[in-house]
Each structure stands twice: as structure tokens, then as C-alpha cells.
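Novice: Coordinates in model-v7.pdb, PDB, C-alpha atoms, are listed below.
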ATOM      1  CA  MET C  20     -13.722-116.592 -36.491
ATOM      2  CA  ASP C  21     -13.323-117.557 -32.826
ATOM      3  CA  LYS C  22     -15.879-116.256 -30.412
ATOM      4  CA  THR C  23     -14.230-113.585 -28.296
ATOM      5  CA  THR C  24     -15.041-113.735 -24.598
ATOM      6  CA  ASP C  25     -15.678-110.706 -22.401
ATOM      7  CA  HIS C  26     -12.394-111.425 -20.634
ATOM      8  CA  GLU C  27     -10.502-111.355 -23.939
ATOM      9  CA  THR C  28     -12.300-108.220 -25.057
ATOM     10  CA  TYR C  29     -11.512-106.373 -21.843
ATOM     11  CA  TRP C  30      -7.820-107.236 -21.889
ATOM     12  CA  THR C  31      -7.461-106.710 -25.622
ATOM     13  CA  LEU C  32      -8.772-103.171 -25.184
ATOM     14  CA  ARG C  33      -6.324-102.657 -22.322
ATOM     15  CA  LEU C  34      -3.523-103.856 -24.576
ATOM     16  CA  PHE C  35      -4.591-101.448 -27.289
ATOM     17  CA  VAL C  36      -4.424 -98.539 -24.841
ATOM     18  CA  ILE C  37      -0.900 -99.556 -23.786
ATOM     19  CA  LEU C  38       0.176 -99.880 -27.404
ATOM     20  CA  GLN C  39      -1.146 -96.399 -28.087
ATOM     21  CA  GLU C  40       0.915 -95.140 -25.167
ATOM     22  CA  MET C  41       4.010 -96.816 -26.630
ATOM     23  CA  ALA C  42       3.132 -95.566 -30.111
ATOM     24  CA  ALA C  43       2.922 -91.980 -28.884
ATOM     25  CA  GLN C  44       6.479 -92.343 -27.609
ATOM     26  CA  ARG C  45       7.623 -94.215 -30.737
ATOM     27  CA  THR C  46       8.830 -97.075 -28.597
ATOM     28  CA  ASN C  47       8.135-100.714 -27.867
ATOM     29  CA  ALA C  48       8.563-103.020 -24.880
ATOM     30  CA  VAL C  49      12.180-103.957 -25.587
ATOM     31  CA  LEU C  50      13.369-100.419 -26.292
ATOM     32  CA  GLU C  51      11.539 -99.238 -23.207
ATOM     33  CA  LEU C  52      13.156-101.960 -21.146
ATOM     34  CA  LEU C  53      16.637-101.234 -22.480
ATOM     35  CA  GLY C  54      16.270 -97.540 -21.688
ATOM     36  CA  ASN C  55      19.657 -95.875 -21.836
ATOM     37  CA  VAL C  56      21.655 -99.044 -22.295
ATOM     38  CA  GLY C  57      24.446 -98.038 -24.651
ATOM     39  CA  HIS C  58      25.381-101.456 -25.938
ATOM     40  CA  LEU C  59      23.072-104.425 -25.991
ATOM     41  CA  GLU C  60      25.150-107.372 -24.967
ATOM     42  CA  ALA C  61      24.303-110.892 -26.063
ATOM     43  CA  GLU C  62      23.769-113.464 -23.313
ATOM     44  CA  HIS C  63      23.057-110.702 -20.807
ATOM     45  CA  SER C  64      19.712-110.347 -18.986
ATOM     46  CA  TYR C  65      17.840-107.014 -19.138
ATOM     47  CA  PRO C  66      17.240-105.805 -16.543
ATOM     48  CA  GLU C  67      19.978-107.710 -14.799
ATOM     49  CA  THR C  68      17.859-108.411 -11.722
ATOM     50  CA  SER C  69      14.613-108.857 -13.696
ATOM     51  CA  LEU C  70      11.629-106.585 -14.105
ATOM     52  CA  PHE C  71       9.114-107.161 -11.311
ATOM     53  CA  PHE C  72       5.420-106.492 -11.887
ATOM     54  CA  ALA C  73       1.913-107.286 -10.614
ATOM     55  CA  ALA C  74       2.702-106.676  -6.935
ATOM     56  CA  ASN C  75       6.129-108.287  -7.335
ATOM     57  CA  ARG C  76       4.557-111.677  -7.895
ATOM     58  CA  TRP C  77       5.658-111.797 -11.512
ATOM     59  CA  ARG C  78       9.042-111.082 -13.029
ATOM     60  CA  ALA C  79      10.661-111.164 -16.455
ATOM     61  CA  PHE C  80      13.876-110.480 -18.283
ATOM     62  CA  TYR C  81      14.865-110.079 -21.921
ATOM     63  CA  HIS C  82      17.955-111.443 -23.568
ATOM     64  CA  CYS C  83      19.372-112.416 -26.924
ATOM     65  CA  HIS C  84      21.951-114.866 -28.073
ATOM     66  CA  GLU C  85      25.077-114.554 -30.147
ATOM     67  CA  SER C  86      24.506-117.166 -32.778
ATOM     68  CA  THR C  87      21.255-119.032 -32.441
ATOM     69  CA  SER C  88      17.600-118.252 -31.849
ATOM     70  CA  LEU C  89      14.278-119.958 -31.336
ATOM     71  CA  HIS C  90      12.742-118.410 -34.455
ATOM     72  CA  PRO C  91      14.442-117.405 -37.739
ATOM     73  CA  ASP C  92      13.318-113.777 -37.310
ATOM     74  CA  GLU C  93      14.007-113.554 -33.606
ATOM     75  CA  HIS C  94      16.033-110.709 -32.103
ATOM     76  CA  GLY C  95      15.693-112.026 -28.544
ATOM     77  CA  HIS C  96      13.096-113.201 -26.094
ATOM     78  CA  PHE C  97      11.436-112.527 -22.773
ATOM     79  CA  HIS C  98      11.362-115.167 -20.058
ATOM     80  CA  ILE C  99       8.393-114.699 -17.725
ATOM     81  CA  PHE C 100       8.196-116.199 -14.230
ATOM     82  CA  THR C 101       5.595-116.230 -11.479
ATOM     83  CA  ASP C 102       5.956-116.608  -7.721
ATOM     84  CA  THR C 103       4.345-119.892  -6.750
ATOM     85  CA  GLY C 104       4.859-119.207  -3.055
ATOM     86  CA  ASN C 105       7.798-118.437  -0.782
ATOM     87  CA  ARG C 106       9.573-116.667  -3.641
ATOM     88  CA  GLN C 107       9.803-119.840  -5.677
ATOM     89  CA  TRP C 108       9.847-118.600  -9.261
ATOM     90  CA  ALA C 109       8.355-120.925 -11.835
ATOM     91  CA  HIS C 110       8.875-120.236 -15.528
ATOM     92  CA  VAL C 111       5.548-119.525 -17.225
ATOM     93  CA  ALA C 112       6.413-118.818 -20.849
ATOM     94  CA  GLY C 113       8.900-117.300 -23.252
ATOM     95  CA  LEU C 114       8.027-114.657 -25.827
ATOM     96  CA  SER C 115      10.167-114.255 -28.957
ATOM     97  CA  ILE C 116      10.544-110.719 -30.315
ATOM     98  CA  ASP C 117      11.590-109.672 -33.832
ATOM     99  CA  ASN C 118      14.067-106.942 -34.855
ATOM    100  CA  MET C 119      11.298-104.317 -34.793
ATOM    101  CA  GLY C 120      10.212-105.116 -31.260
ATOM    102  CA  GLN C 121       7.117-107.108 -32.222
ATOM    103  CA  PRO C 122       6.099-110.415 -30.607
ATOM    104  CA  LEU C 123       6.685-113.446 -32.830
ATOM    105  CA  GLN C 124       5.752-116.479 -30.791
ATOM    106  CA  TRP C 125       5.068-117.825 -27.335
ATOM    107  CA  PHE C 126       7.066-120.848 -26.278
ATOM    108  CA  MET C 127       7.262-123.303 -23.398
ATOM    109  CA  VAL C 128      10.681-124.556 -22.402
ATOM    110  CA  ASN C 129      11.851-127.771 -20.849
ATOM    111  CA  ARG C 130      12.733-127.500 -17.186
ATOM    112  CA  TRP C 131      16.530-127.706 -17.533
ATOM    113  CA  VAL C 132      16.485-124.461 -19.549
ATOM    114  CA  THR C 133      15.375-122.255 -16.666
ATOM    115  CA  ASP C 134      15.575-124.695 -13.763
ATOM    116  CA  GLY C 135      13.449-123.834 -10.736
ATOM    117  CA  PRO C 136      10.003-125.178  -9.860
ATOM    118  CA  TRP C 137       7.695-126.566 -12.519
ATOM    119  CA  LEU C 138       4.468-124.599 -13.058
ATOM    120  CA  GLU C 139       1.468-126.896 -12.904
ATOM    121  CA  GLN C 140      -0.991-126.000 -15.671
ATOM    122  CA  ASP C 141      -3.954-125.502 -13.308
ATOM    123  CA  LYS C 142      -1.982-122.914 -11.307
ATOM    124  CA  PHE C 143      -1.636-120.552 -14.256
ATOM    125  CA  PRO C 144      -5.221-119.164 -14.334
ATOM    126  CA  VAL C 145      -5.173-118.766 -10.556
ATOM    127  CA  GLN C 146      -1.919-116.815 -10.715
ATOM    128  CA  LEU C 147      -3.339-114.607 -13.472
ATOM    129  CA  ASN C 148      -6.565-113.948 -11.599
ATOM    130  CA  ASP C 149      -4.560-112.845  -8.579
ATOM    131  CA  ALA C 150      -2.586-110.440 -10.747
ATOM    132  CA  ALA C 151      -5.550-108.915 -12.548
ATOM    133  CA  HIS C 152      -5.895-105.948 -10.204
ATOM    134  CA  ASP C 153      -2.290-105.443  -9.203
ATOM    135  CA  TYR C 154      -0.686-104.087 -12.324
ATOM    136  CA  LYS C 155      -1.970-100.543 -12.863
ATOM    137  CA  GLU C 156       0.930 -98.892 -11.001
ATOM    138  CA  ASP C 157       3.531-100.937 -12.856
ATOM    139  CA  SER C 158       5.967 -99.655 -15.450
ATOM    140  CA  LEU C 159       4.853 -99.552 -19.068
ATOM    141  CA  VAL C 160       6.668-102.807 -19.838
ATOM    142  CA  GLY C 161       5.282-104.458 -16.711
ATOM    143  CA  ARG C 162       1.748-103.519 -17.725
ATOM    144  CA  TRP C 163       2.392-104.654 -21.300
ATOM    145  CA  LEU C 164       3.592-108.061 -20.100
ATOM    146  CA  LEU C 165       0.753-108.591 -17.646
ATOM    147  CA  VAL C 166      -1.899-107.515 -20.131
ATOM    148  CA  LEU C 167      -0.369-109.728 -22.827
ATOM    149  CA  LEU C 168      -0.524-112.683 -20.449
ATOM    150  CA  GLN C 169      -4.201-111.914 -19.853
ATOM    151  CA  VAL C 170      -4.929-111.464 -23.560
ATOM    152  CA  TYR C 171      -3.263-114.785 -24.381
ATOM    153  CA  ARG C 172      -4.561-116.576 -21.309
ATOM    154  CA  GLU C 173      -6.370-119.287 -23.291
ATOM    155  CA  THR C 174      -3.476-119.702 -25.715
ATOM    156  CA  LEU C 175      -0.992-120.059 -22.880
ATOM    157  CA  SER C 176      -3.226-122.479 -20.999
ATOM    158  CA  GLY C 177      -3.377-124.543 -24.172
ATOM    159  CA  LEU C 178       0.393-124.390 -24.528
ATOM    160  CA  LEU C 179       0.852-125.617 -20.958
ATOM    161  CA  VAL C 180      -1.401-128.572 -21.744
ATOM    162  CA  LYS C 181       0.566-129.257 -24.925
ATOM    163  CA  ARG C 182       3.819-128.920 -22.976
ATOM    164  CA  ASP C 183       2.697-131.616 -20.559
ATOM    165  CA  GLU C 184       1.477-133.855 -23.379
ATOM    166  CA  GLN C 185       4.858-133.576 -25.069
ATOM    167  CA  LEU C 186       6.568-134.302 -21.802
ATOM    168  CA  GLN C 187       4.458-137.420 -21.374
ATOM    169  CA  LEU C 188       5.239-138.496 -24.927
ATOM    170  CA  PHE C 189       8.981-138.109 -24.404
ATOM    171  CA  SER C 190       8.748-139.968 -21.098
ATOM    172  CA  LYS C 191       7.218-143.170 -22.458
ATOM    173  CA  GLU C 192      10.407-145.159 -22.151
ATOM    174  CA  ARG C 193      12.145-143.263 -19.396
ATOM    175  CA  SER C 194      11.399-141.291 -16.269
ATOM    176  CA  ARG C 195       9.835-137.824 -16.298
ATOM    177  CA  VAL C 196      12.860-136.460 -14.488
ATOM    178  CA  GLU C 197      15.166-137.701 -17.248
ATOM    179  CA  THR C 198      13.036-135.960 -19.857
ATOM    180  CA  LEU C 199      12.949-132.715 -17.875
ATOM    181  CA  ASP C 200      16.749-132.775 -17.856
ATOM    182  CA  ASP C 201      17.218-133.843 -21.495
ATOM    183  CA  ARG C 202      19.494-131.200 -23.066
ATOM    184  CA  ASP C 203      18.293-132.202 -26.543
ATOM    185  CA  ILE C 204      14.763-131.005 -25.731
ATOM    186  CA  TYR C 205      14.660-127.240 -25.441
ATOM    187  CA  THR C 206      11.092-126.205 -26.348
ATOM    188  CA  LEU C 207       8.035-128.336 -25.677
ATOM    189  CA  ALA C 208       5.391-126.145 -27.328
ATOM    190  CA  THR C 209       5.194-122.968 -29.426
ATOM    191  CA  HIS C 210       2.452-120.683 -30.748
ATOM    192  CA  PRO C 211       2.919-117.941 -33.395
ATOM    193  CA  THR C 212       1.816-114.449 -32.406
ATOM    194  CA  ASP C 213       0.721-111.500 -34.552
ATOM    195  CA  LEU C 214      -0.531-108.616 -32.436
ATOM    196  CA  GLN C 215      -2.029-106.615 -35.282
ATOM    197  CA  SER C 216      -4.117-109.518 -36.604
ATOM    198  CA  MET C 217      -5.210-110.450 -33.105
ATOM    199  CA  LEU C 218      -6.304-106.882 -32.333
ATOM    200  CA  GLU C 219      -8.164-106.564 -35.631
ATOM    201  CA  ASN C 220      -9.886-109.917 -35.188
ATOM    202  CA  ARG C 221     -10.974-109.239 -31.645
ATOM    203  CA  LEU C 222     -11.772-105.531 -31.770
ATOM    204  CA  ALA C 223     -13.058-104.778 -35.237
ATOM    205  CA  PRO C 224     -16.251-106.853 -34.884
ATOM    206  CA  LEU C 225     -17.068-104.934 -31.726
ATOM    207  CA  LEU C 226     -17.530-101.695 -33.588
ATOM    208  CA  ASN C 227     -21.127-102.578 -34.209
ATOM    209  CA  GLU C 228     -21.894-103.938 -30.772
ATOM    210  CA  GLU C 229     -23.399-102.252 -27.767
ATOM    211  CA  LYS C 230     -20.847-103.628 -25.312
ATOM    212  CA  LEU C 231     -18.145-101.442 -26.785
ATOM    213  CA  LEU C 232     -19.787 -98.565 -24.982
ATOM    214  CA  CYS C 233     -19.240-100.275 -21.645
ATOM    215  CA  THR C 234     -15.471-100.657 -21.886
ATOM    216  CA  GLY C 235     -14.713 -97.437 -20.069
ATOM    217  CA  ILE C 236     -12.224 -96.235 -22.667
TER     218      ILE C 236
ATOM    219  CA  MET N  24     -28.480 -89.342 -30.216
ATOM    220  CA  LYS N  25     -25.835 -88.789 -27.590
ATOM    221  CA  ARG N  26     -25.426 -92.566 -27.265
ATOM    222  CA  LYS N  27     -24.909 -92.916 -30.988
ATOM    223  CA  GLN N  28     -22.263 -90.196 -30.985
ATOM    224  CA  SER N  29     -20.371 -91.993 -28.225
ATOM    225  CA  ARG N  30     -20.355 -95.137 -30.268
ATOM    226  CA  ILE N  31     -18.999 -93.339 -33.295
ATOM    227  CA  ILE N  32     -16.239 -91.684 -31.299
ATOM    228  CA  VAL N  33     -15.127 -94.907 -29.600
ATOM    229  CA  GLY N  34     -15.538 -96.829 -32.816
ATOM    230  CA  THR N  35     -13.275 -94.425 -34.614
ATOM    231  CA  ALA N  36     -10.709 -94.645 -31.854
ATOM    232  CA  ILE N  37     -10.279 -98.403 -32.271
ATOM    233  CA  GLY N  38     -10.890 -98.807 -35.965
ATOM    234  CA  ALA N  39      -8.634-101.010 -38.054
ATOM    235  CA  ALA N  40      -6.651 -97.981 -39.191
ATOM    236  CA  ALA N  41      -6.001 -96.905 -35.609
ATOM    237  CA  ILE N  42      -4.790-100.399 -34.779
ATOM    238  CA  ALA N  43      -2.459-100.367 -37.776
ATOM    239  CA  VAL N  44      -1.078 -96.941 -36.838
ATOM    240  CA  ALA N  45      -0.495 -97.947 -33.211
ATOM    241  CA  ILE N  46       1.337-101.097 -34.226
ATOM    242  CA  ASP N  47       3.294 -99.270 -36.907
ATOM    243  CA  HIS N  48       4.491 -96.640 -34.463
ATOM    244  CA  THR N  49       5.741 -99.332 -32.103
ATOM    245  CA  ARG N  50       7.738-100.914 -34.918
ATOM    246  CA  GLN N  51      11.080 -99.453 -33.929
ATOM    247  CA  ARG N  52      14.327-101.162 -34.819
ATOM    248  CA  LEU N  53      16.095-102.793 -31.906
ATOM    249  CA  PRO N  54      19.846-102.406 -31.442
ATOM    250  CA  GLU N  55      22.035-105.212 -32.702
ATOM    251  CA  PRO N  56      23.303-107.315 -29.822
ATOM    252  CA  GLU N  57      27.039-107.326 -29.418
ATOM    253  CA  LYS N  58      29.085-110.295 -28.411
ATOM    254  CA  GLN N  59      30.062-110.561 -24.794
ATOM    255  CA  LEU N  60      32.898-108.210 -24.075
ATOM    256  CA  ALA N  61      36.231-109.939 -23.764
ATOM    257  CA  SER N  62      36.980-107.828 -20.723
ATOM    258  CA  GLN N  63      34.061-109.384 -18.916
ATOM    259  CA  GLN N  64      35.227-112.925 -19.406
ATOM    260  CA  ALA N  65      36.395-114.355 -16.133
ATOM    261  CA  VAL N  66      39.963-115.444 -15.616
ATOM    262  CA  ILE N  67      39.961-118.878 -14.082
ATOM    263  CA  ILE N  68      43.088-120.178 -12.469
ATOM    264  CA  ILE N  69      43.334-123.933 -12.517
ATOM    265  CA  ASP N  70      45.652-125.525 -10.018
ATOM    266  CA  GLU N  71      47.755-128.408 -11.149
ATOM    267  CA  GLY N  72      45.774-131.636 -11.036
ATOM    268  CA  GLU N  73      42.438-129.847 -10.712
ATOM    269  CA  GLU N  74      39.605-130.644 -13.158
ATOM    270  CA  LEU N  75      38.784-128.132 -15.890
ATOM    271  CA  PRO N  76      35.496-126.230 -15.390
ATOM    272  CA  VAL N  77      32.519-127.195 -17.563
ATOM    273  CA  GLU N  78      31.706-125.039 -20.581
ATOM    274  CA  ASN N  79      28.848-122.547 -20.228
ATOM    275  CA  ASN N  80      28.437-119.684 -22.660
ATOM    276  CA  GLY N  81      24.896-118.940 -21.532
ATOM    277  CA  ASP N  82      23.366-119.727 -24.918
ATOM    278  CA  CYS N  83      19.934-121.249 -24.318
ATOM    279  CA  GLY N  84      19.080-121.366 -28.012
ATOM    280  CA  LYS N  85      21.215-124.321 -28.953
ATOM    281  CA  PRO N  86      21.808-127.754 -27.550
ATOM    282  CA  PRO N  87      24.604-127.629 -25.023
ATOM    283  CA  SER N  88      27.773-129.612 -25.104
ATOM    284  CA  PRO N  89      27.635-132.772 -23.021
ATOM    285  CA  GLY N  90      29.631-131.250 -20.184
ATOM    286  CA  ARG N  91      27.360-128.241 -19.662
ATOM    287  CA  LYS N  92      25.430-128.349 -16.403
ATOM    288  CA  LYS N  93      24.012-124.944 -15.609
ATOM    289  CA  ALA N  94      20.511-123.836 -16.678
ATOM    290  CA  PRO N  95      21.248-121.236 -19.365
ATOM    291  CA  CYS N  96      18.072-119.148 -18.944
ATOM    292  CA  SER N  97      17.547-119.264 -15.209
ATOM    293  CA  LEU N  98      16.937-116.180 -13.093
TER     294      LEU N  98
END
Once more with this new file: its structure as C-alpha cells, please.
Specialist:
Amino acid sequence: MDKTTDHETYWTLRLFVILQEMAAQRTNAVLELLGNVGHLEAEHSYPETSLFFAANRWRAFYHCHESTSLHPDEHGHFHIFTDTGNRQWAHVAGLSIDNMGQPLQWFMVNRWVTDGPWLEQDKFPVQLNDAAHDYKEDSLVGRWLLVLLQVYRETLSGLLVKRDEQLQLFSKERSRVETLDDRDIYTLATHPTDLQSMLENRLAPLLNEEKLLCTGI
Amino acid sequence: MKRKQSRIIVGTAIGAAAIAVAIDHTRQRLPEPEKQLASQQAVIIIDEGEELPVENNGDCGKPPSPGRKKAPCSL
């Protein structure tokens, strides 16, 4: 089993608290986001102008497609962006969701998919550190997204590295710009996600450790 | 003794069963997405001699047709 860091432990416990809040309301992030939407329309972004969180320096929307998906069990996916300065929104990651509102996989897209500035991999931890204290007043979905990003910080950092490696591989015989605009390359890296297993793996071993008492829960 | 009790209480709160229950209660079926409403499709008037607009159905899950230009999942 992987060694869980204090950072992972802290954010995993935060995630658990948020999930309990959702569980008490018998809801999940997508249902919460959709709210009173009567008809979920394919190819439409929810919310239409994005959900802002972490002091408005992060934003996300959810959407689904009519005929195709990124995962066989996918209902739709979140696209998450961060402000890299002067309201320039760089795409950070996508998160596929199944029909029951559970995360399925993280994915990194090629630049043409979302357009906008390219997020350099070393910027990601800095952006997350800045957001670590600015999320507590956010909506339930905003907190869920920010805490998930923190929980999967190492995974996402690894995916950004893999994304850039793939990009380099595809750019061996052509320019980087051509690869970034290649409509045949949609995703550059993916990582399967199972919240329940992750929570069990990271939290269950703590039951016998002293530091559990210091979590403030 | 008090310290031990705290551990038991917290430990119970995040036991494997509690995790399973929390996840299970968030497993709520999402509504089926409906196709874009026909009424929302734009009417485009093409003047004689003008080029046809490029296709864009907003689907970022499949490779686009060669004429498609716009980023399908942009903000």
C-alpha cells in the first residue's frame, strides 16, 4: 500500500466530511449542481457561466454529450479551470462521472479541446496551495471540487507530467503547435478513480494511529 | 481513559462501514440527458454566394469533422 502523506490524510478527511454532508441530503455533486434544472440538455454547460470557487480563482462546469463519451460508463464530465493571472483560464483536468454521480476517471485533454492558455505542470501545485484556505465559504460542489483536487494532487501532477510526455512523443516529427491542434488527439492522459477504495485505503489504516486524534473532526 | 474514548469515537465515525454508507447515500441516479432542443437550434441565413458555416455540434467526445474549428469544451 502507498504511504499516505499528512497532506493526503488531511484532505481525505475533509472529503469524507463533505461526502457525509452530501449523503445526509441523499445527493451528489452533479445533482447538487443541477439543482432545479427540469431537463438536462446534452451539449449544454451547467452552470451556464461556470461554477466559481476558491476565491473565484477556480471554475468548473459539467456537461454531457449526445452520443459519445470518454469512458463506457460515463454520464458526463466536469471541466476544471484555474486562473493563471489576468483572468486567463487554463484547463487543469476533466473528471468523468457515472450515472450514479460517482467519479470514474481524471483526464487531461489536448489544447484544442478547451482552447485557452496551457497550464504548465509546475504551476499546478502553486495554484492549489493558494487555494487551500479559500474554499470554506464555497458551495458544497465548490468545496467538493477543491478538496478532490487536493486529495488527488499527486495523481494530477503525475497526469500533467504524462500529458507533456505524450505531447512530446506526438511532436517528434512535427511542431508542438501542430500536435496541440491535432483534432485526432483528444485525451493525453487518464487515471481511473474509485472514491470508496481511495477513502478506505487512506483512512482505515489511521484508525490505529495517534494522528487521527489531531484531525480536528 | 478520556483519550482512548476519543479515539474510539472518531474511529467509529470513519470506519469502513461509515465510508461505505456515505458513498452509498451519494449514489443517486442522474437524469438522462436529452438531445438539444430543436427550438434552440439557430436559424442561419446564407446569402447567395456566401460560404456555408462550419459544422459544430459541441460534442467534445468524438473526433470532429475536418471543417470544425471551434474548441468544443471551452469556457
Novice: For range 169-177 of chain C, what centre and edge lengths in Å (one decimal) does the axis-aligned box get once 3 Å is added on each side of all its listed atoms, as lines of an AutoDock Vina configuration file?
Specialist:
center_x = -3.7
center_y = -118.0
center_z = -22.8
size_x = 11.4
size_y = 19.1
size_z = 11.9
Novice: Run the PyMOL selection byres ((chain C and resi 100) around 7) mentally over the shown coordinates, then write out the matched residues as a PyMOL selection string, using the chain letters and numbers from the document.
Specialist: chain C and resi 77-79+98-99+101-102+108-111
Novice: Any chance you could tabulate, as JSON lines, the residues of chain C at most 8 Å from chain N with each one's nearest atom pair and distance in Å to one decimal, using only C-alpha atoms, in chain and rising number order?
Specialist:
{"residue": "C:Phe35", "atom": "CA", "partner": "N:Ile42", "partner_atom": "CA", "distance": 7.6}
{"residue": "C:Leu38", "atom": "CA", "partner": "N:Ala45", "partner_atom": "CA", "distance": 6.2}
{"residue": "C:Gln39", "atom": "CA", "partner": "N:Ala45", "partner_atom": "CA", "distance": 5.4}
{"residue": "C:Met41", "atom": "CA", "partner": "N:Thr49", "partner_atom": "CA", "distance": 6.3}
{"residue": "C:Ala42", "atom": "CA", "partner": "N:His48", "partner_atom": "CA", "distance": 4.7}
{"residue": "C:Ala43", "atom": "CA", "partner": "N:His48", "partner_atom": "CA", "distance": 7.4}
{"residue": "C:Arg45", "atom": "CA", "partner": "N:His48", "partner_atom": "CA", "distance": 5.4}
{"residue": "C:Thr46", "atom": "CA", "partner": "N:Thr49", "partner_atom": "CA", "distance": 5.2}
{"residue": "C:Asn47", "atom": "CA", "partner": "N:Thr49", "partner_atom": "CA", "distance": 5.1}
{"residue": "C:Val49", "atom": "CA", "partner": "N:Leu53", "partner_atom": "CA", "distance": 7.5}
{"residue": "C:Leu50", "atom": "CA", "partner": "N:Leu53", "partner_atom": "CA", "distance": 6.7}
{"residue": "C:His58", "atom": "CA", "partner": "N:Glu57", "partner_atom": "CA", "distance": 7.0}
{"residue": "C:Leu59", "atom": "CA", "partner": "N:Pro56", "partner_atom": "CA", "distance": 4.8}
{"residue": "C:Glu60", "atom": "CA", "partner": "N:Glu57", "partner_atom": "CA", "distance": 4.8}
{"residue": "C:Ala61", "atom": "CA", "partner": "N:Pro56", "partner_atom": "CA", "distance": 5.3}
{"residue": "C:Glu62", "atom": "CA", "partner": "N:Gly81", "partner_atom": "CA", "distance": 5.9}
{"residue": "C:Thr68", "atom": "CA", "partner": "N:Leu98", "partner_atom": "CA", "distance": 7.9}
{"residue": "C:Ser69", "atom": "CA", "partner": "N:Leu98", "partner_atom": "CA", "distance": 7.7}
{"residue": "C:Cys83", "atom": "CA", "partner": "N:Pro56", "partner_atom": "CA", "distance": 7.1}
{"residue": "C:His84", "atom": "CA", "partner": "N:Asp82", "partner_atom": "CA", "distance": 6.0}
{"residue": "C:Glu85", "atom": "CA", "partner": "N:Lys58", "partner_atom": "CA", "distance": 6.1}
{"residue": "C:Thr87", "atom": "CA", "partner": "N:Gly84", "partner_atom": "CA", "distance": 5.5}
{"residue": "C:Ser88", "atom": "CA", "partner": "N:Gly84", "partner_atom": "CA", "distance": 5.2}
{"residue": "C:Leu89", "atom": "CA", "partner": "N:Gly84", "partner_atom": "CA", "distance": 6.0}
{"residue": "C:His94", "atom": "CA", "partner": "N:Leu53", "partner_atom": "CA", "distance": 7.9}
{"residue": "C:His98", "atom": "CA", "partner": "N:Cys96", "partner_atom": "CA", "distance": 7.9}
{"residue": "C:Asn118", "atom": "CA", "partner": "N:Leu53", "partner_atom": "CA", "distance": 5.5}
{"residue": "C:Met119", "atom": "CA", "partner": "N:Arg52", "partner_atom": "CA", "distance": 4.4}
{"residue": "C:Gly120", "atom": "CA", "partner": "N:Arg50", "partner_atom": "CA", "distance": 6.1}
{"residue": "C:Gln121", "atom": "CA", "partner": "N:Arg50", "partner_atom": "CA", "distance": 6.8}
{"residue": "C:Trp131", "atom": "CA", "partner": "N:Ala94", "partner_atom": "CA", "distance": 5.6}
{"residue": "C:Val132", "atom": "CA", "partner": "N:Ala94", "partner_atom": "CA", "distance": 5.0}
{"residue": "C:Thr133", "atom": "CA", "partner": "N:Ser97", "partner_atom": "CA", "distance": 4.0}
{"residue": "C:Asp134", "atom": "CA", "partner": "N:Ala94", "partner_atom": "CA", "distance": 5.8}
{"residue": "C:Gly135", "atom": "CA", "partner": "N:Ser97", "partner_atom": "CA", "distance": 7.6}
{"residue": "C:Arg202", "atom": "CA", "partner": "N:Pro86", "partner_atom": "CA", "distance": 6.1}
{"residue": "C:Asp203", "atom": "CA", "partner": "N:Pro86", "partner_atom": "CA", "distance": 5.8}
{"residue": "C:Ile204", "atom": "CA", "partner": "N:Pro86", "partner_atom": "CA", "distance": 8.0}
{"residue": "C:Tyr205", "atom": "CA", "partner": "N:Pro86", "partner_atom": "CA", "distance": 7.5}
{"residue": "C:Leu214", "atom": "CA", "partner": "N:Ile46", "partner_atom": "CA", "distance": 8.0}
{"residue": "C:Gln215", "atom": "CA", "partner": "N:Ile46", "partner_atom": "CA", "distance": 6.5}
{"residue": "C:Leu218", "atom": "CA", "partner": "N:Ile42", "partner_atom": "CA", "distance": 7.1}
{"residue": "C:Glu219", "atom": "CA", "partner": "N:Ala39", "partner_atom": "CA", "distance": 6.1}
{"residue": "C:Leu222", "atom": "CA", "partner": "N:Ile37", "partner_atom": "CA", "distance": 7.3}
{"residue": "C:Ala223", "atom": "CA", "partner": "N:Gly38", "partner_atom": "CA", "distance": 6.4}
{"residue": "C:Leu226", "atom": "CA", "partner": "N:Gly34", "partner_atom": "CA", "distance": 5.3}
{"residue": "C:Leu231", "atom": "CA", "partner": "N:Arg30", "partner_atom": "CA", "distance": 7.5}
{"residue": "C:Leu232", "atom": "CA", "partner": "N:Arg30", "partner_atom": "CA", "distance": 6.3}
{"residue": "C:Ile236", "atom": "CA", "partner": "N:Val33", "partner_atom": "CA", "distance": 7.6}
Novice: Given the file above and the PyMOL selection byres ((chain C and resi 156-166) around 9), which residues are selected, and can you give them as an MDAnalysis selection string?
Specialist: chainID C and resid 30:31 33:34 37:38 40:41 47:49 51:52 70:74 77:79 99 147 150:151 153:155 167:171
Novice: Run the PyMOL selection byres ((chain C and resi 183-193) around 12) on the file and write out the hits as number ranges by chain.
Specialist: C: 127-130, 137-141, 176-182, 194-201, 203-209
Novice: Fewer than 4 positions away in the same chain doesn't count, so skip those; otherwise give me all residues within 7 Å of range 210-213 of chain C, counting only C-alpha atoms, as an NGL selection string.
Specialist: :C and (122-126 or 217)
